[in-house]
file start.tsv (TSV, all heavy atoms)
chain	number	residue	atom	x	y	z
A	1	MET	N	2.92	12.15	7.92
A	1	MET	CA	1.53	12.48	8.22
A	1	MET	C	1.45	12.88	9.69
A	1	MET	O	1.95	12.18	10.55
A	1	MET	CB	0.66	11.27	7.92
A	1	MET	CG	-0.79	11.54	8.07
A	1	MET	SD	-1.83	10.15	7.58
A	1	MET	CE	-1.36	9.92	5.89
A	2	ALA	N	0.85	13.97	9.99
A	2	ALA	CA	0.75	14.47	11.35
A	2	ALA	C	-0.18	13.59	12.19
A	2	ALA	O	-1.14	13.03	11.69
A	2	ALA	CB	0.22	15.90	11.33
A	3	SER	N	0.16	13.48	13.47
A	3	SER	CA	-0.69	12.71	14.38
A	3	SER	C	-2.07	13.34	14.44
A	3	SER	O	-2.21	14.56	14.45
A	3	SER	CB	-0.05	12.70	15.77
A	3	SER	OG	-0.86	11.96	16.64
A	4	GLY	N	-3.09	12.51	14.44
A	4	GLY	CA	-4.46	13.01	14.47
A	4	GLY	C	-4.99	13.37	13.09
A	4	GLY	O	-6.08	13.88	12.96
A	5	SER	N	-4.19	13.09	12.08
A	5	SER	CA	-4.61	13.39	10.72
A	5	SER	C	-5.87	12.60	10.37
A	5	SER	O	-6.08	11.50	10.84
A	5	SER	CB	-3.49	13.03	9.75
A	5	SER	OG	-3.95	13.13	8.43
A	6	ARG	N	-6.68	13.16	9.52
A	6	ARG	CA	-7.94	12.54	9.10
A	6	ARG	C	-7.70	11.16	8.47
A	6	ARG	O	-8.51	10.26	8.59
A	6	ARG	CB	-8.63	13.46	8.11
A	6	ARG	CG	-9.92	12.95	7.57
A	6	ARG	CD	-10.58	14.04	6.73
A	6	ARG	NE	-11.63	13.45	5.95
A	6	ARG	CZ	-11.58	13.25	4.65
A	6	ARG	NH1	-10.51	13.61	3.98
A	6	ARG	NH2	-12.58	12.71	4.02
A	7	HIS	N	-6.56	10.97	7.80
A	7	HIS	CA	-6.30	9.73	7.08
A	7	HIS	C	-5.41	8.76	7.85
A	7	HIS	O	-5.05	7.72	7.32
A	7	HIS	CB	-5.67	10.04	5.72
A	7	HIS	CG	-6.56	10.87	4.86
A	7	HIS	ND1	-7.68	10.36	4.25
A	7	HIS	CD2	-6.51	12.17	4.52
A	7	HIS	CE1	-8.28	11.32	3.57
A	7	HIS	NE2	-7.59	12.43	3.72
A	8	GLU	N	-5.05	9.08	9.06
A	8	GLU	CA	-4.14	8.23	9.83
A	8	GLU	C	-4.69	6.81	9.97
A	8	GLU	O	-3.96	5.84	9.79
A	8	GLU	CB	-3.90	8.84	11.20
A	8	GLU	CG	-2.86	8.12	12.02
A	8	GLU	CD	-2.56	8.85	13.30
A	8	GLU	OE1	-2.69	10.09	13.36
A	8	GLU	OE2	-2.20	8.17	14.26
A	9	GLY	N	-5.96	6.64	10.26
A	9	GLY	CA	-6.57	5.32	10.39
A	9	GLY	C	-6.58	4.57	9.07
A	9	GLY	O	-6.40	3.36	9.03
A	10	ASP	N	-6.77	5.29	7.95
A	10	ASP	CA	-6.76	4.65	6.64
A	10	ASP	C	-5.40	4.04	6.33
A	10	ASP	O	-5.32	2.95	5.78
A	10	ASP	CB	-7.12	5.65	5.54
A	10	ASP	CG	-8.56	6.13	5.65
A	10	ASP	OD1	-9.37	5.44	6.30
A	10	ASP	OD2	-8.85	7.20	5.10
A	11	VAL	N	-4.33	4.72	6.71
A	11	VAL	CA	-2.99	4.20	6.47
A	11	VAL	C	-2.76	2.95	7.30
A	11	VAL	O	-2.24	1.95	6.80
A	11	VAL	CB	-1.92	5.28	6.79
A	11	VAL	CG1	-0.53	4.68	6.74
A	11	VAL	CG2	-2.06	6.44	5.83
A	12	ALA	N	-3.19	2.94	8.53
A	12	ALA	CA	-3.03	1.77	9.39
A	12	ALA	C	-3.82	0.59	8.85
A	12	ALA	O	-3.34	-0.54	8.87
A	12	ALA	CB	-3.47	2.10	10.81
A	13	ARG	N	-5.01	0.82	8.35
A	13	ARG	CA	-5.82	-0.27	7.81
A	13	ARG	C	-5.27	-0.78	6.47
A	13	ARG	O	-5.54	-1.90	6.08
A	13	ARG	CB	-7.27	0.18	7.63
A	13	ARG	CG	-8.05	0.20	8.92
A	13	ARG	CD	-9.52	0.37	8.63
A	13	ARG	NE	-9.84	1.59	7.93
A	13	ARG	CZ	-10.08	2.76	8.50
A	13	ARG	NH1	-10.05	2.87	9.80
A	13	ARG	NH2	-10.36	3.82	7.77
A	14	ALA	N	-4.52	0.04	5.78
A	14	ALA	CA	-4.01	-0.35	4.47
A	14	ALA	C	-2.87	-1.36	4.54
A	14	ALA	O	-2.56	-2.00	3.56
A	14	ALA	CB	-3.56	0.88	3.70
A	15	CYS	N	-2.25	-1.51	5.70
A	15	CYS	CA	-1.15	-2.45	5.84
A	15	CYS	C	-1.67	-3.88	5.85
A	15	CYS	O	-2.64	-4.18	6.52
A	15	CYS	CB	-0.37	-2.17	7.12
A	15	CYS	SG	0.41	-0.56	7.11
A	16	GLY	N	-1.03	-4.75	5.11
A	16	GLY	CA	-1.47	-6.14	5.08
A	16	GLY	C	-0.62	-6.97	4.16
A	16	GLY	O	0.44	-6.56	3.71
A	17	VAL	N	-1.10	-8.16	3.86
A	17	VAL	CA	-0.42	-9.10	2.99
A	17	VAL	C	-1.22	-9.22	1.70
A	17	VAL	O	-2.44	-9.37	1.74
A	17	VAL	CB	-0.33	-10.49	3.69
A	17	VAL	CG1	0.26	-11.52	2.75
A	17	VAL	CG2	0.48	-10.38	4.97
A	18	VAL	N	-0.53	-9.17	0.58
A	18	VAL	CA	-1.17	-9.33	-0.72
A	18	VAL	C	-0.90	-10.75	-1.21
A	18	VAL	O	0.25	-11.20	-1.21
A	18	VAL	CB	-0.63	-8.31	-1.74
A	18	VAL	CG1	-1.22	-8.56	-3.12
A	18	VAL	CG2	-0.92	-6.90	-1.28
A	19	ALA	N	-1.94	-11.45	-1.62
A	19	ALA	CA	-1.81	-12.80	-2.16
A	19	ALA	C	-2.39	-12.83	-3.57
A	19	ALA	O	-3.41	-12.22	-3.84
A	19	ALA	CB	-2.56	-13.79	-1.28
A	20	VAL	N	-1.71	-13.54	-4.48
A	20	VAL	CA	-2.15	-13.65	-5.86
A	20	VAL	C	-2.28	-15.14	-6.20
A	20	VAL	O	-1.35	-15.91	-5.99
A	20	VAL	CB	-1.15	-12.97	-6.82
A	20	VAL	CG1	-1.61	-13.11	-8.26
A	20	VAL	CG2	-0.95	-11.52	-6.45
A	21	ASP	N	-3.43	-15.52	-6.72
A	21	ASP	CA	-3.69	-16.89	-7.17
A	21	ASP	C	-3.92	-16.84	-8.68
A	21	ASP	O	-4.92	-16.30	-9.14
A	21	ASP	CB	-4.92	-17.45	-6.44
A	21	ASP	CG	-5.26	-18.86	-6.88
A	21	ASP	OD1	-4.42	-19.52	-7.52
A	21	ASP	OD2	-6.38	-19.31	-6.57
A	22	VAL	N	-2.96	-17.39	-9.44
A	22	VAL	CA	-3.03	-17.33	-10.89
A	22	VAL	C	-3.50	-18.67	-11.44
A	22	VAL	O	-2.88	-19.70	-11.18
A	22	VAL	CB	-1.66	-16.97	-11.50
A	22	VAL	CG1	-1.72	-16.94	-13.02
A	22	VAL	CG2	-1.17	-15.64	-10.95
A	23	GLY	N	-4.60	-18.65	-12.18
A	23	GLY	CA	-5.13	-19.84	-12.82
A	23	GLY	C	-5.19	-19.65	-14.32
A	23	GLY	O	-4.76	-18.62	-14.85
A	24	ASN	N	-5.71	-20.64	-15.03
A	24	ASN	CA	-5.81	-20.54	-16.49
A	24	ASN	C	-6.79	-19.47	-16.93
A	24	ASN	O	-6.52	-18.74	-17.88
A	24	ASN	CB	-6.23	-21.88	-17.09
A	24	ASN	CG	-5.09	-22.87	-17.09
A	24	ASN	OD1	-3.94	-22.49	-16.99
A	24	ASN	ND2	-5.42	-24.14	-17.17
A	25	THR	N	-7.94	-19.38	-16.27
A	25	THR	CA	-8.95	-18.42	-16.70
A	25	THR	C	-9.29	-17.38	-15.65
A	25	THR	O	-9.92	-16.38	-15.97
A	25	THR	CB	-10.25	-19.14	-17.11
A	25	THR	OG1	-10.71	-19.91	-16.01
A	25	THR	CG2	-10.03	-20.03	-18.31
A	26	VAL	N	-8.88	-17.60	-14.40
A	26	VAL	CA	-9.19	-16.64	-13.34
A	26	VAL	C	-7.94	-16.35	-12.52
A	26	VAL	O	-7.22	-17.27	-12.12
A	26	VAL	CB	-10.29	-17.16	-12.39
A	26	VAL	CG1	-10.54	-16.18	-11.26
A	26	VAL	CG2	-11.58	-17.41	-13.15
A	27	THR	N	-7.65	-15.08	-12.32
A	27	THR	CA	-6.57	-14.64	-11.43
A	27	THR	C	-7.23	-13.85	-10.31
A	27	THR	O	-7.99	-12.92	-10.57
A	27	THR	CB	-5.54	-13.77	-12.17
A	27	THR	OG1	-4.97	-14.54	-13.23
A	27	THR	CG2	-4.46	-13.28	-11.24
A	28	SER	N	-6.94	-14.25	-9.07
A	28	SER	CA	-7.52	-13.57	-7.91
A	28	SER	C	-6.41	-12.87	-7.13
A	28	SER	O	-5.33	-13.43	-6.94
A	28	SER	CB	-8.22	-14.57	-6.99
A	28	SER	OG	-9.28	-15.19	-7.67
A	29	VAL	N	-6.69	-11.65	-6.69
A	29	VAL	CA	-5.77	-10.88	-5.86
A	29	VAL	C	-6.52	-10.55	-4.59
A	29	VAL	O	-7.63	-10.02	-4.63
A	29	VAL	CB	-5.33	-9.58	-6.58
A	29	VAL	CG1	-4.39	-8.78	-5.70
A	29	VAL	CG2	-4.69	-9.88	-7.92
A	30	GLY	N	-5.92	-10.85	-3.45
A	30	GLY	CA	-6.55	-10.57	-2.17
A	30	GLY	C	-5.61	-9.83	-1.24
A	30	GLY	O	-4.39	-10.05	-1.28
A	31	VAL	N	-6.14	-8.94	-0.43
A	31	VAL	CA	-5.38	-8.23	0.58
A	31	VAL	C	-5.91	-8.68	1.94
A	31	VAL	O	-7.11	-8.58	2.20
A	31	VAL	CB	-5.52	-6.70	0.44
A	31	VAL	CG1	-4.77	-5.98	1.54
A	31	VAL	CG2	-5.05	-6.25	-0.93
A	32	PHE	N	-5.00	-9.20	2.76
A	32	PHE	CA	-5.37	-9.70	4.08
A	32	PHE	C	-4.81	-8.79	5.15
A	32	PHE	O	-3.67	-8.31	5.05
A	32	PHE	CB	-4.81	-11.12	4.28
A	32	PHE	CG	-5.44	-12.13	3.36
A	32	PHE	CD1	-4.99	-12.29	2.06
A	32	PHE	CD2	-6.49	-12.90	3.80
A	32	PHE	CE1	-5.57	-13.21	1.21
A	32	PHE	CE2	-7.09	-13.83	2.96
A	32	PHE	CZ	-6.62	-13.98	1.66
A	33	ALA	N	-5.60	-8.53	6.19
A	33	ALA	CA	-5.17	-7.69	7.30
A	33	ALA	C	-4.13	-8.43	8.13
A	33	ALA	O	-4.08	-9.66	8.15
A	33	ALA	CB	-6.37	-7.34	8.18
A	34	THR	N	-3.28	-7.68	8.79
A	34	THR	CA	-2.27	-8.26	9.68
A	34	THR	C	-2.47	-7.69	11.08
A	34	THR	O	-3.24	-6.77	11.29
A	34	THR	CB	-0.85	-7.93	9.19
A	34	THR	OG1	-0.69	-6.52	9.13
A	34	THR	CG2	-0.57	-8.54	7.83
A	35	GLY	N	-1.76	-8.25	12.02
A	35	GLY	CA	-1.81	-7.75	13.39
A	35	GLY	C	-3.11	-8.09	14.09
A	35	GLY	O	-3.70	-9.14	13.87
A	36	ALA	N	-3.58	-7.17	14.90
A	36	ALA	CA	-4.77	-7.39	15.73
A	36	ALA	C	-6.04	-7.57	14.89
A	36	ALA	O	-6.99	-8.18	15.34
A	36	ALA	CB	-4.96	-6.23	16.70
A	37	GLN	N	-6.04	-7.05	13.67
A	37	GLN	CA	-7.24	-7.14	12.83
A	37	GLN	C	-7.19	-8.30	11.85
A	37	GLN	O	-8.03	-8.42	10.97
A	37	GLN	CB	-7.44	-5.83	12.07
A	37	GLN	CG	-7.69	-4.67	12.99
A	37	GLN	CD	-7.82	-3.36	12.22
A	37	GLN	OE1	-7.46	-3.27	11.07
A	37	GLN	NE2	-8.34	-2.36	12.89
A	38	ALA	N	-6.20	-9.20	11.97
A	38	ALA	CA	-6.04	-10.32	11.05
A	38	ALA	C	-7.18	-11.32	11.19
A	38	ALA	O	-7.68	-11.57	12.28
A	38	ALA	CB	-4.71	-11.01	11.31
A	39	HIS	N	-7.61	-11.88	10.06
A	39	HIS	CA	-8.62	-12.95	10.03
A	39	HIS	C	-8.44	-13.71	8.73
A	39	HIS	O	-7.61	-13.37	7.89
A	39	HIS	CB	-10.04	-12.41	10.20
A	39	HIS	CG	-10.37	-11.27	9.29
A	39	HIS	ND1	-10.79	-11.44	8.00
A	39	HIS	CD2	-10.32	-9.93	9.50
A	39	HIS	CE1	-10.99	-10.26	7.44
A	39	HIS	NE2	-10.71	-9.32	8.32
A	40	ASP	N	-9.20	-14.79	8.54
A	40	ASP	CA	-9.02	-15.68	7.38
A	40	ASP	C	-9.53	-15.11	6.06
A	40	ASP	O	-9.10	-15.55	5.00
A	40	ASP	CB	-9.72	-17.02	7.63
A	40	ASP	CG	-9.04	-17.82	8.74
A	40	ASP	OD1	-7.86	-17.55	9.03
A	40	ASP	OD2	-9.69	-18.70	9.31
A	41	ASP	N	-10.47	-14.20	6.10
A	41	ASP	CA	-11.06	-13.65	4.87
A	41	ASP	C	-10.30	-12.39	4.44
A	41	ASP	O	-9.89	-11.59	5.26
A	41	ASP	CB	-12.53	-13.30	5.10
A	41	ASP	CG	-13.37	-14.52	5.40
A	41	ASP	OD1	-13.12	-15.58	4.80
A	41	ASP	OD2	-14.27	-14.41	6.26
A	42	PRO	N	-10.16	-12.19	3.11
A	42	PRO	CA	-9.47	-10.99	2.65
A	42	PRO	C	-10.27	-9.72	2.94
A	42	PRO	O	-11.50	-9.73	2.92
A	42	PRO	CB	-9.33	-11.21	1.14
A	42	PRO	CG	-10.36	-12.22	0.79
A	42	PRO	CD	-10.59	-13.04	2.01
A	43	VAL	N	-9.56	-8.64	3.18
A	43	VAL	CA	-10.19	-7.33	3.38
A	43	VAL	C	-10.68	-6.80	2.03
A	43	VAL	O	-11.75	-6.22	1.94
A	43	VAL	CB	-9.17	-6.35	4.00
A	43	VAL	CG1	-9.76	-4.96	4.14
A	43	VAL	CG2	-8.70	-6.87	5.35
A	44	LEU	N	-9.88	-7.01	1.00
A	44	LEU	CA	-10.22	-6.62	-0.36
A	44	LEU	C	-9.92	-7.79	-1.28
A	44	LEU	O	-8.99	-8.56	-1.04
A	44	LEU	CB	-9.38	-5.42	-0.81
A	44	LEU	CG	-9.52	-4.14	-0.02
A	44	LEU	CD1	-8.45	-3.15	-0.43
A	44	LEU	CD2	-10.89	-3.54	-0.24
A	45	ARG	N	-10.69	-7.93	-2.36
A	45	ARG	CA	-10.46	-9.02	-3.31
A	45	ARG	C	-10.86	-8.57	-4.71
A	45	ARG	O	-11.88	-7.92	-4.89
A	45	ARG	CB	-11.27	-10.24	-2.92
A	45	ARG	CG	-11.07	-11.40	-3.86
A	45	ARG	CD	-11.86	-12.59	-3.46
A	45	ARG	NE	-11.78	-13.58	-4.52
A	45	ARG	CZ	-12.16	-14.82	-4.40
A	45	ARG	NH1	-12.66	-15.24	-3.24
A	45	ARG	NH2	-12.05	-15.65	-5.39
A	46	TRP	N	-10.02	-8.93	-5.67
A	46	TRP	CA	-10.32	-8.67	-7.08
A	46	TRP	C	-10.19	-9.98	-7.83
A	46	TRP	O	-9.26	-10.75	-7.60
A	46	TRP	CB	-9.33	-7.68	-7.68
A	46	TRP	CG	-9.34	-6.33	-7.07
A	46	TRP	CD1	-10.11	-5.26	-7.44
A	46	TRP	CD2	-8.54	-5.87	-5.98
A	46	TRP	NE1	-9.83	-4.18	-6.65
A	46	TRP	CE2	-8.87	-4.53	-5.73
A	46	TRP	CE3	-7.57	-6.46	-5.17
A	46	TRP	CZ2	-8.28	-3.77	-4.75
A	46	TRP	CZ3	-6.99	-5.73	-4.17
A	46	TRP	CH2	-7.34	-4.39	-3.97
A	47	ASP	N	-11.09	-10.24	-8.74
A	47	ASP	CA	-11.03	-11.41	-9.62
A	47	ASP	C	-10.96	-10.93	-11.06
A	47	ASP	O	-11.81	-10.15	-11.50
A	47	ASP	CB	-12.26	-12.30	-9.43
A	47	ASP	CG	-12.28	-12.96	-8.07
A	47	ASP	OD1	-11.25	-13.49	-7.65
A	47	ASP	OD2	-13.35	-12.95	-7.43
A	48	LEU	N	-9.96	-11.39	-11.77
A	48	LEU	CA	-9.77	-11.04	-13.18
A	48	LEU	C	-9.98	-12.31	-13.99
A	48	LEU	O	-9.40	-13.35	-13.67
A	48	LEU	CB	-8.36	-10.50	-13.41
A	48	LEU	CG	-7.93	-9.37	-12.46
A	48	LEU	CD1	-6.44	-9.16	-12.56
A	48	LEU	CD2	-8.68	-8.12	-12.79
A	49	SER	N	-10.79	-12.24	-15.02
A	49	SER	CA	-11.05	-13.44	-15.80
A	49	SER	C	-10.63	-13.25	-17.26
A	49	SER	O	-10.63	-12.15	-17.78
A	49	SER	CB	-12.52	-13.83	-15.73
A	49	SER	OG	-13.33	-12.81	-16.26
A	50	THR	N	-10.26	-14.38	-17.87
A	50	THR	CA	-9.89	-14.43	-19.28
A	50	THR	C	-10.81	-15.44	-19.95
A	50	THR	O	-10.99	-16.54	-19.42
A	50	THR	CB	-8.42	-14.88	-19.43
A	50	THR	OG1	-7.59	-13.99	-18.72
A	50	THR	CG2	-8.01	-14.93	-20.89
A	51	PRO	N	-11.39	-15.10	-21.07
A	51	PRO	CA	-12.23	-16.07	-21.78
A	51	PRO	C	-11.44	-17.34	-22.10
A	51	PRO	O	-10.27	-17.27	-22.49
A	51	PRO	CB	-12.64	-15.35	-23.06
A	51	PRO	CG	-12.47	-13.90	-22.76
A	51	PRO	CD	-11.34	-13.82	-21.78
A	52	ARG	N	-12.07	-18.49	-21.93
A	52	ARG	CA	-11.43	-19.78	-22.16
A	52	ARG	C	-10.82	-19.86	-23.58
A	52	ARG	O	-9.78	-20.48	-23.78
A	52	ARG	CB	-12.44	-20.90	-21.97
A	52	ARG	CG	-11.96	-21.90	-20.99
A	52	ARG	CD	-13.01	-22.99	-20.79
A	52	ARG	NE	-13.45	-23.07	-19.42
A	52	ARG	CZ	-12.67	-23.51	-18.44
A	52	ARG	NH1	-11.45	-23.90	-18.67
A	52	ARG	NH2	-13.13	-23.55	-17.22
A	53	SER	N	-11.47	-19.23	-24.52
A	53	SER	CA	-10.99	-19.28	-25.92
A	53	SER	C	-9.63	-18.60	-26.11
A	53	SER	O	-8.95	-18.83	-27.11
A	53	SER	CB	-12.01	-18.64	-26.85
A	53	SER	OG	-12.21	-17.29	-26.52
A	54	LEU	N	-9.20	-17.77	-25.15
A	54	LEU	CA	-7.92	-17.06	-25.26
A	54	LEU	C	-6.79	-17.75	-24.50
A	54	LEU	O	-5.65	-17.29	-24.55
A	54	LEU	CB	-8.06	-15.63	-24.76
A	54	LEU	CG	-9.01	-14.74	-25.55
A	54	LEU	CD1	-9.08	-13.36	-24.93
A	54	LEU	CD2	-8.57	-14.64	-27.00
A	55	THR	N	-7.06	-18.83	-23.79
A	55	THR	CA	-6.01	-19.53	-23.04
A	55	THR	C	-5.39	-20.60	-23.92
A	55	THR	O	-6.00	-21.13	-24.84
A	55	THR	CB	-6.55	-20.15	-21.74
A	55	THR	OG1	-7.55	-21.09	-22.07
A	55	THR	CG2	-7.11	-19.09	-20.82
A	56	ALA	N	-4.14	-20.95	-23.63
A	56	ALA	CA	-3.40	-21.89	-24.46
A	56	ALA	C	-3.86	-23.33	-24.30
A	56	ALA	O	-3.73	-24.14	-25.22
A	56	ALA	CB	-1.91	-21.81	-24.15
A	57	ASP	N	-4.39	-23.72	-23.16
A	57	ASP	CA	-4.77	-25.12	-22.96
A	57	ASP	C	-6.22	-25.34	-22.84
A	57	ASP	O	-7.15	-24.96	-22.83
A	57	ASP	CB	-4.10	-25.74	-21.77
A	57	ASP	CG	-3.87	-24.83	-20.60
A	57	ASP	OD1	-4.16	-23.65	-20.68
A	57	ASP	OD2	-3.35	-25.33	-19.59
call {"tool": "encode", "arguments": {"input": "start.tsv", "output": "structure tokens"}}
result
Amino acid sequence: MASGSRHEGDVARACGVVAVDVGNTVTSVGVFATGAQAHDDPVLRWDLSTPRSLTAD
């Protein structure tokens, strides 16, 4: 990507740590910023749920 590109900042912001929390009915995926922009809250978060009737326990 050329310097000064329109998307250069987007690529820099996209770098981070991905965390996955798997539970019986809810799976959460979070992306956390690293470096100078790091903080305790995820930058992006997705929650996936499964109806209780479909879980084994």
call {"tool": "atom_distance", "arguments": {"input": "start.tsv", "atom1": "atom C of Arg45 (chain A)", "atom2": "CB of Val29 (chain A)"}}
result
5.9 Å
call {"tool": "residues_around", "arguments": {"input": "start.tsv", "residues": "Asp47 (chain A)", "least_positions_apart": "6", "cutoff": "6 Å", "atoms": "all heavy atoms", "output": "PyMOL selection string"}}
result
chain A and resi 26-29
call {"tool": "atom_distance", "arguments": {"input": "start.tsv", "atom1": "atom N of Asn24 (chain A)", "atom2": "CG2 of Thr55 (chain A)"}}
result
6.2 Å
call {"tool": "atom_distance", "arguments": {"input": "start.tsv", "atom1": "CA of Thr25 (chain A)", "atom2": "CA of Val43 (chain A)"}}
result
23.0 Å
call {"tool": "residues_near_point", "arguments": {"input": "start.tsv", "point": "(0.6, -9.7, 2.4)", "cutoff": "10 Å", "atoms": "only C-alpha atoms", "output": "ChimeraX atom specification"}}
result
/A:15-20,30-34
